[in-house]
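Undergrad: Supplied structure: data27.txt, compact mmCIF, C-alpha atoms.
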```
# COMPACT_ATOMS: atom_id res chain seq x y z
CA MET A 1 -30.96 -23.02 7.41
CA LYS A 2 -27.78 -21.71 9.04
CA SER A 3 -27.59 -17.98 9.66
CA PHE A 4 -24.79 -16.09 7.94
CA LYS A 5 -22.20 -14.53 10.22
CA PHE A 6 -19.90 -11.63 9.29
CA SER A 7 -17.05 -13.53 10.92
CA GLN A 8 -17.43 -16.29 8.32
CA ILE A 9 -16.02 -14.02 5.59
CA ASP A 10 -12.39 -14.89 5.02
CA ILE A 11 -10.56 -13.02 2.26
CA SER A 12 -7.33 -14.68 1.13
CA ALA A 13 -4.07 -12.92 0.30
CA ALA A 14 -4.63 -13.72 -3.38
CA VAL A 15 -8.05 -12.00 -3.34
CA LEU A 16 -6.57 -9.00 -1.50
CA HIS A 17 -3.99 -8.61 -4.24
CA ILE A 18 -6.66 -8.78 -6.96
CA ILE A 19 -8.82 -6.19 -5.16
CA ALA A 20 -5.86 -3.82 -4.77
CA MET A 21 -4.79 -4.25 -8.41
CA ALA A 22 -8.33 -3.56 -9.67
CA LEU A 23 -8.59 -0.40 -7.57
CA MET A 24 -5.15 0.76 -8.66
CA LEU A 25 -6.14 0.22 -12.30
CA MET A 26 -9.21 2.41 -11.78
CA ASP A 27 -7.04 5.18 -10.34
CA HIS A 28 -4.62 4.99 -13.25
CA LEU A 29 -7.47 4.95 -15.77
CA TRP A 30 -8.60 8.23 -14.22
CA ALA A 31 -5.04 9.61 -14.43
CA THR A 32 -4.74 8.78 -18.13
CA LEU A 33 -7.90 8.08 -20.12
CA PHE A 34 -10.83 9.24 -17.98
CA PRO A 35 -9.78 12.38 -16.04
CA ALA A 36 -13.40 13.51 -15.72
CA GLN A 37 -14.42 10.37 -13.81
CA ASP A 38 -13.48 11.42 -10.27
CA TRP A 39 -15.12 8.33 -8.77
CA MET A 40 -12.28 6.26 -10.25
CA THR A 41 -9.57 8.07 -8.32
CA CYS A 42 -11.80 7.99 -5.22
CA ALA A 43 -11.90 4.20 -5.51
CA GLY A 44 -8.16 4.20 -6.11
CA ARG A 45 -7.49 5.71 -2.67
CA VAL A 46 -8.26 2.29 -1.20
CA ALA A 47 -5.50 0.45 -3.09
CA PHE A 48 -2.33 1.78 -1.45
CA PRO A 49 -3.06 0.75 2.18
CA ILE A 50 -3.86 -2.78 0.98
CA PHE A 51 -0.55 -3.02 -0.86
CA ALA A 52 1.26 -1.59 2.20
CA PHE A 53 -0.41 -4.18 4.41
CA MET A 54 0.50 -7.02 2.04
CA THR A 55 4.13 -5.83 1.99
CA VAL A 56 4.29 -6.37 5.74
CA GLU A 57 2.55 -9.74 5.47
CA GLY A 58 5.01 -10.69 2.76
CA TYR A 59 7.90 -10.00 5.11
CA PHE A 60 6.56 -12.39 7.75
CA TYR A 61 5.38 -15.12 5.38
CA THR A 62 8.18 -15.20 2.80
CA HIS A 63 10.42 -18.25 2.77
CA ASN A 64 13.35 -16.23 1.47
CA LEU A 65 13.64 -12.58 2.47
CA LYS A 66 16.56 -11.90 0.13
CA LYS A 67 14.56 -13.12 -2.87
CA TYR A 68 11.57 -11.06 -1.74
CA ILE A 69 13.69 -7.91 -1.54
CA PHE A 70 15.31 -8.70 -4.89
CA ARG A 71 11.90 -9.12 -6.56
CA LEU A 72 10.78 -5.73 -5.24
CA LEU A 73 14.03 -4.13 -6.38
CA LEU A 74 13.79 -5.74 -9.83
CA PHE A 75 10.22 -4.61 -10.45
CA ALA A 76 10.88 -1.17 -8.97
CA VAL A 77 13.54 -0.70 -11.65
CA LEU A 78 11.36 -2.22 -14.40
CA SER A 79 8.40 -0.04 -13.41
CA GLU A 80 10.21 3.28 -13.38
CA VAL A 81 10.07 4.03 -17.10
CA PRO A 82 6.35 3.11 -17.48
CA PHE A 83 5.63 5.16 -14.35
CA ASP A 84 7.60 8.15 -15.68
CA LEU A 85 5.80 7.94 -19.03
CA MET A 86 2.40 7.82 -17.35
CA TYR A 87 2.92 10.58 -14.79
CA GLY A 88 5.53 12.78 -16.46
CA GLY A 89 4.99 12.08 -20.15
CA THR A 90 8.70 11.42 -20.55
CA TRP A 91 11.17 8.54 -20.24
CA PHE A 92 12.95 10.24 -17.35
CA TYR A 93 10.90 11.99 -14.66
CA PRO A 94 13.17 12.36 -11.59
CA VAL A 95 10.73 14.27 -9.37
CA HIS A 96 8.43 11.29 -8.70
CA GLN A 97 9.34 7.61 -8.28
CA ASN A 98 7.05 4.59 -8.50
CA VAL A 99 5.35 3.07 -5.48
CA ILE A 100 7.46 -0.09 -5.28
CA TRP A 101 10.34 2.06 -4.00
CA THR A 102 8.01 3.12 -1.18
CA PHE A 103 7.40 -0.50 -0.21
CA LEU A 104 11.10 -1.36 -0.54
CA ILE A 105 12.11 1.38 1.92
CA GLY A 106 9.42 0.19 4.33
CA LEU A 107 10.50 -3.44 3.97
CA LEU A 108 14.16 -2.66 4.69
CA GLY A 109 13.09 -0.66 7.74
CA ILE A 110 11.06 -3.59 9.04
CA TYR A 111 14.07 -5.87 8.53
CA LEU A 112 16.24 -3.59 10.68
CA MET A 113 13.60 -3.30 13.41
CA GLU A 114 12.94 -7.04 13.48
CA LYS A 115 16.65 -7.81 13.65
CA THR A 116 16.90 -5.50 16.69
CA ARG A 117 13.72 -6.87 18.29
CA LYS A 118 15.09 -10.42 18.21
CA MET A 119 17.88 -9.26 20.48
CA GLN A 120 15.14 -9.09 23.17
CA LYS A 121 16.43 -5.79 24.52
CA LYS A 122 13.63 -3.22 24.61
CA TRP A 123 16.00 -0.42 25.55
CA VAL A 124 17.77 -1.01 22.22
CA TYR A 125 14.70 -1.73 20.09
CA LEU A 126 12.75 1.43 20.97
CA PRO A 127 15.37 4.03 19.92
CA ILE A 128 16.28 1.98 16.83
CA ALA A 129 12.60 1.78 15.84
CA ILE A 130 12.21 5.55 16.22
CA ILE A 131 15.36 6.20 14.16
CA VAL A 132 14.22 3.77 11.43
CA VAL A 133 10.78 5.42 11.20
CA VAL A 134 12.25 8.93 11.01
CA VAL A 135 14.95 7.98 8.50
CA GLY A 136 12.45 5.95 6.45
CA MET A 137 10.07 8.91 6.21
CA MET A 138 12.95 11.24 5.31
CA LEU A 139 14.16 8.86 2.58
CA GLY A 140 10.65 8.55 1.19
CA THR A 141 10.34 12.33 1.02
CA ILE A 142 13.85 13.10 -0.26
CA CYS A 143 13.72 10.35 -2.90
CA MET A 144 10.21 11.52 -3.86
CA VAL A 145 8.74 8.02 -3.93
CA ASP A 146 4.99 7.65 -4.40
CA TYR A 147 3.14 8.90 -1.29
CA TYR A 148 6.50 10.21 -0.03
CA GLY A 149 7.30 9.78 3.68
CA ALA A 150 3.62 9.23 4.52
CA GLY A 151 3.66 6.15 2.28
CA VAL A 152 6.63 4.64 4.11
CA LEU A 153 4.92 5.43 7.42
CA THR A 154 1.83 3.55 6.21
CA VAL A 155 3.95 0.41 5.76
CA PHE A 156 5.36 0.86 9.28
CA LEU A 157 1.91 1.29 10.83
CA PHE A 158 0.88 -2.15 9.63
CA TYR A 159 4.08 -3.52 11.14
CA PHE A 160 3.61 -1.91 14.56
CA PHE A 161 -0.09 -2.78 14.71
CA ARG A 162 0.12 -6.21 13.13
CA GLY A 163 -2.43 -8.62 14.57
CA ARG A 164 -6.14 -8.93 15.27
CA LYS A 165 -6.26 -7.74 18.88
CA TRP A 166 -8.61 -4.82 19.48
CA TRP A 167 -5.79 -2.38 20.14
CA CYS A 168 -4.09 -3.38 16.86
CA LEU A 169 -7.26 -2.72 14.87
CA LEU A 170 -7.81 0.57 16.70
CA GLY A 171 -4.19 1.55 16.10
CA GLN A 172 -4.53 0.81 12.39
CA PHE A 173 -7.68 2.94 12.14
CA LEU A 174 -6.39 5.92 14.11
CA THR A 175 -2.94 5.97 12.48
CA LEU A 176 -4.33 5.52 8.97
CA TYR A 177 -6.80 8.34 9.68
CA TRP A 178 -3.98 10.62 10.89
CA ILE A 179 -1.75 9.84 7.89
CA ASN A 180 -4.43 10.33 5.24
CA ILE A 181 -6.49 13.16 6.73
CA GLU A 182 -3.86 15.16 8.63
CA LEU A 183 -0.62 14.44 6.76
CA LEU A 184 -1.77 13.90 3.17
CA GLY A 185 -5.07 15.76 3.12
CA GLY A 186 -5.91 16.97 -0.37
CA LEU A 187 -9.11 17.49 -2.29
CA MET A 188 -12.19 18.22 -0.18
CA TYR A 189 -15.74 17.42 -1.31
CA PRO A 190 -18.68 19.48 -0.01
CA VAL A 191 -21.35 17.15 1.44
CA GLN A 192 -24.81 17.87 2.81
CA LEU A 193 -26.35 15.25 5.09
CA PHE A 194 -29.63 15.74 6.96
CA GLY A 195 -29.37 19.47 6.35
CA VAL A 196 -25.86 19.68 7.75
CA LYS A 197 -23.09 20.89 5.43
CA PHE A 198 -19.52 19.67 5.84
CA GLU A 199 -16.45 18.81 3.78
CA PHE A 200 -15.16 15.29 3.14
CA CYS A 201 -11.51 14.59 2.38
CA GLN A 202 -11.04 12.42 -0.70
CA GLN A 203 -7.87 10.86 0.73
CA GLY A 204 -9.91 9.74 3.74
CA LEU A 205 -11.43 7.03 1.53
CA ALA A 206 -8.19 5.14 2.14
CA LEU A 207 -9.71 4.10 5.47
CA LEU A 208 -12.10 1.82 3.54
CA ALA A 209 -9.07 -0.39 2.85
CA LEU A 210 -9.38 -1.62 6.44
CA ILE A 211 -12.58 -3.51 5.55
CA PRO A 212 -10.94 -6.11 3.27
CA ILE A 213 -7.78 -6.05 5.40
CA TRP A 214 -9.75 -6.96 8.54
CA LEU A 215 -11.57 -9.71 6.62
CA TYR A 216 -8.20 -11.30 5.87
CA ARG A 217 -7.11 -13.88 8.44
CA GLY A 218 -3.76 -15.07 7.12
CA ARG A 219 -5.00 -17.49 4.47
CA GLN A 220 -2.82 -17.45 1.36
CA GLY A 221 -5.42 -18.73 -1.11
CA TYR A 222 -4.43 -19.52 -4.67
CA HIS A 223 -0.68 -19.41 -5.21
CA SER A 224 1.67 -20.28 -8.03
CA LYS A 225 4.83 -18.82 -9.51
CA LEU A 226 2.82 -17.64 -12.52
CA PHE A 227 0.27 -15.86 -10.33
CA GLN A 228 2.99 -14.38 -8.13
CA TYR A 229 4.96 -12.89 -11.00
CA SER A 230 1.77 -11.83 -12.79
CA CYS A 231 0.92 -9.69 -9.77
CA TYR A 232 4.35 -8.07 -9.88
CA ALA A 233 4.29 -7.64 -13.67
CA PHE A 234 0.79 -6.15 -13.63
CA TYR A 235 2.15 -2.87 -12.25
CA PRO A 236 4.60 -1.93 -15.03
CA VAL A 237 2.65 -3.66 -17.81
CA HIS A 238 -0.71 -1.98 -17.18
CA MET A 239 0.95 1.46 -16.98
CA LEU A 240 2.76 0.84 -20.26
CA VAL A 241 -0.48 -0.30 -21.93
CA LEU A 242 -2.33 2.79 -20.69
CA VAL A 243 0.44 5.04 -22.03
CA LEU A 244 0.28 3.33 -25.44
CA ILE A 245 -3.51 3.64 -25.57
CA LEU A 246 -3.26 7.29 -24.60
CA GLU A 247 -0.76 7.89 -27.41
CA CYS A 248 -3.09 6.23 -29.92
CA VAL A 249 -6.11 8.20 -28.74
CA ASN A 250 -4.29 11.51 -28.86
```
Show the structure stored in the file as structure tokens.
TA:
Amino acid sequence: MKSFKFSQIDISAAVLHIIAMALMLMDHLWATLFPAQDWMTCAGRVAFPIFAFMTVEGYFYTHNLKKYIFRLLLFAVLSEVPFDLMYGGTWFYPVHQNVIWTFLIGLLGIYLMEKTRKMQKKWVYLPIAIIVVVVGMMLGTICMVDYYGAGVLTVFLFYFFRGRKWWCLLGQFLTLYWINIELLGGLMYPVQLFGVKFEFCQQGLALLALIPIWLYRGRQGYHSKLFQYSCYAFYPVHMLVLVLILECVN
């Protein structure tokens, strides 16, 4: 009987998308129908880094970047009203935009950095990369997209530390820790372990996203146009369904 090795686990891109969508759904169920179930939003912290990671992978694996950007733009627009209804309770909620705008800003930033990198002039790439990161974070904050500038920075971290070398994995861990614990912070849970009392940051659970991300090795898995557009449509559709259910319940 062959022994099972951890390295044999290979999560495909399709499975990563399903995991992220399920976790996002749990977070949104907490935000609408089950506000008392804090464990749901705790689980939901894991979703965003996976989506950010897959946005970067999408850039490098897409056959047509223009179509990829157009799809994000289309579903960002389509998702805005369901998002506004869910988070603001109104058709127009200008102080918070849906998460696809976050990914779109990050994707456009990666495009600019990659275009500069291909010039093979490090003295040009480095300042451009710094400017893109700063401007991207400012846009995310000013436009009040989901996760604000920290969300855009999360997309960039998976671009800068893309790969499976030890320093890439370490960079992902340390940067994701800094973004979620230091920049975002948030609700703290008191924990007692072996008689020692300390506080645990809820947003720090986002680091658990690195487990499925590191188990992904570039395999696409199941793919079809129907599956692809179902993944995009899931975002606005599930929010709209939750809003309708909430209206019926109330």
Undergrad: How many Å separate CA of Met26 (chain A) from CA of Asp38 (chain A)?
TA: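 For CA of Met26 (chain A) relative to CA of Asp38 (chain A), the distance reads 10.1 Å.
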Undergrad: Which residue out of A:Trp178, A:Phe53, A:Trp101, A:Phe48 has the minimum interatomic distance to Phe156 (chain A) when only C-alpha atoms are used?
TA: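 With only C-alpha atoms as the atom set, the closest residue is A:Phe53.
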Undergrad: Do you know which residues are at most 7 Å from Met137 (chain A) counting all atoms listed in the file, after dropping those on the same chain fewer than 6 positions away, and could you put them as a VMD selection string?
TA: chain A and resid 149 to 150 152 to 153
Undergrad: Could you give me, as a list in words, the residues within 10 Å of Gly140 (chain A), counting all atoms listed in the file and dropping anything in the same chain fewer than 3 positions from it?
TA: Gln97, Trp101, Thr102, Phe103, Ile105, Gly106, Val134, Val135, Gly136, Met137, Cys143, Met144, Val145, Asp146, Tyr147, Tyr148, Gly149, Ala150, Gly151, Val152 and Leu153 of chain A
Undergrad: I want to know what sits within 9 Å of Gln203 (chain A), based on all atoms listed in the file, with residues of the same chain fewer than 6 positions away left out; could you give that as an MDAnalysis selection string?
TA: chainID A and resid 42 45:46 180:181 184:188
Undergrad: CA of Phe34 (chain A) and CA of Leu210 (chain A) are how many Å apart?
TA: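 Those two atoms sit 26.8 Å apart.
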Undergrad: Sorted by chain and rising residue number, list the residues of region 41-144 of chain A at most 8 Å from region 7-17 of chain A (counting all atoms listed in the file), each with its closest atom pair and distance in Å to one decimal, as JSON lines.
TA:
```
{"residue": "A:Ile50", "atom": "CA", "partner": "A:Leu16", "partner_atom": "CA", "distance": 7.2}
{"residue": "A:Phe51", "atom": "CA", "partner": "A:His17", "partner_atom": "CA", "distance": 7.4}
{"residue": "A:Met54", "atom": "CA", "partner": "A:Ala13", "partner_atom": "CA", "distance": 7.7}
```
Undergrad: Could you write out the selected residues, including C-alpha atoms, as a tab-separated table (two decimals), in the coordinates of the input?
TA:
```tsv
chain	number	residue	atom	x	y	z
A	50	ILE	CA	-3.86	-2.78	0.98
A	51	PHE	CA	-0.55	-3.02	-0.86
A	54	MET	CA	0.50	-7.02	2.04
```
Undergrad: Which is closest to Glu80 (chain A) among A:Leu65, A:Ile100, A:Leu157, A:Val241, if we use only C-alpha atoms?
TA: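 Ranking A:Leu65, A:Ile100, A:Leu157, A:Val241 by distance to Glu80 (chain A), first place goes to A:Ile100.
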Undergrad: Do you know which residues are at most 10 Å from Phe161 (chain A) counting all atoms listed in the file, after dropping those on the same chain fewer than 3 positions away, and could you put them as a list in words?
TA: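 Once the adjacent positions are removed, what remains is Phe156, Leu157, Phe158, Arg164, Lys165, Trp166, Trp167, Cys168, Leu169, Leu170, Gly171, Gln172, Phe173 and Thr175 of chain A.
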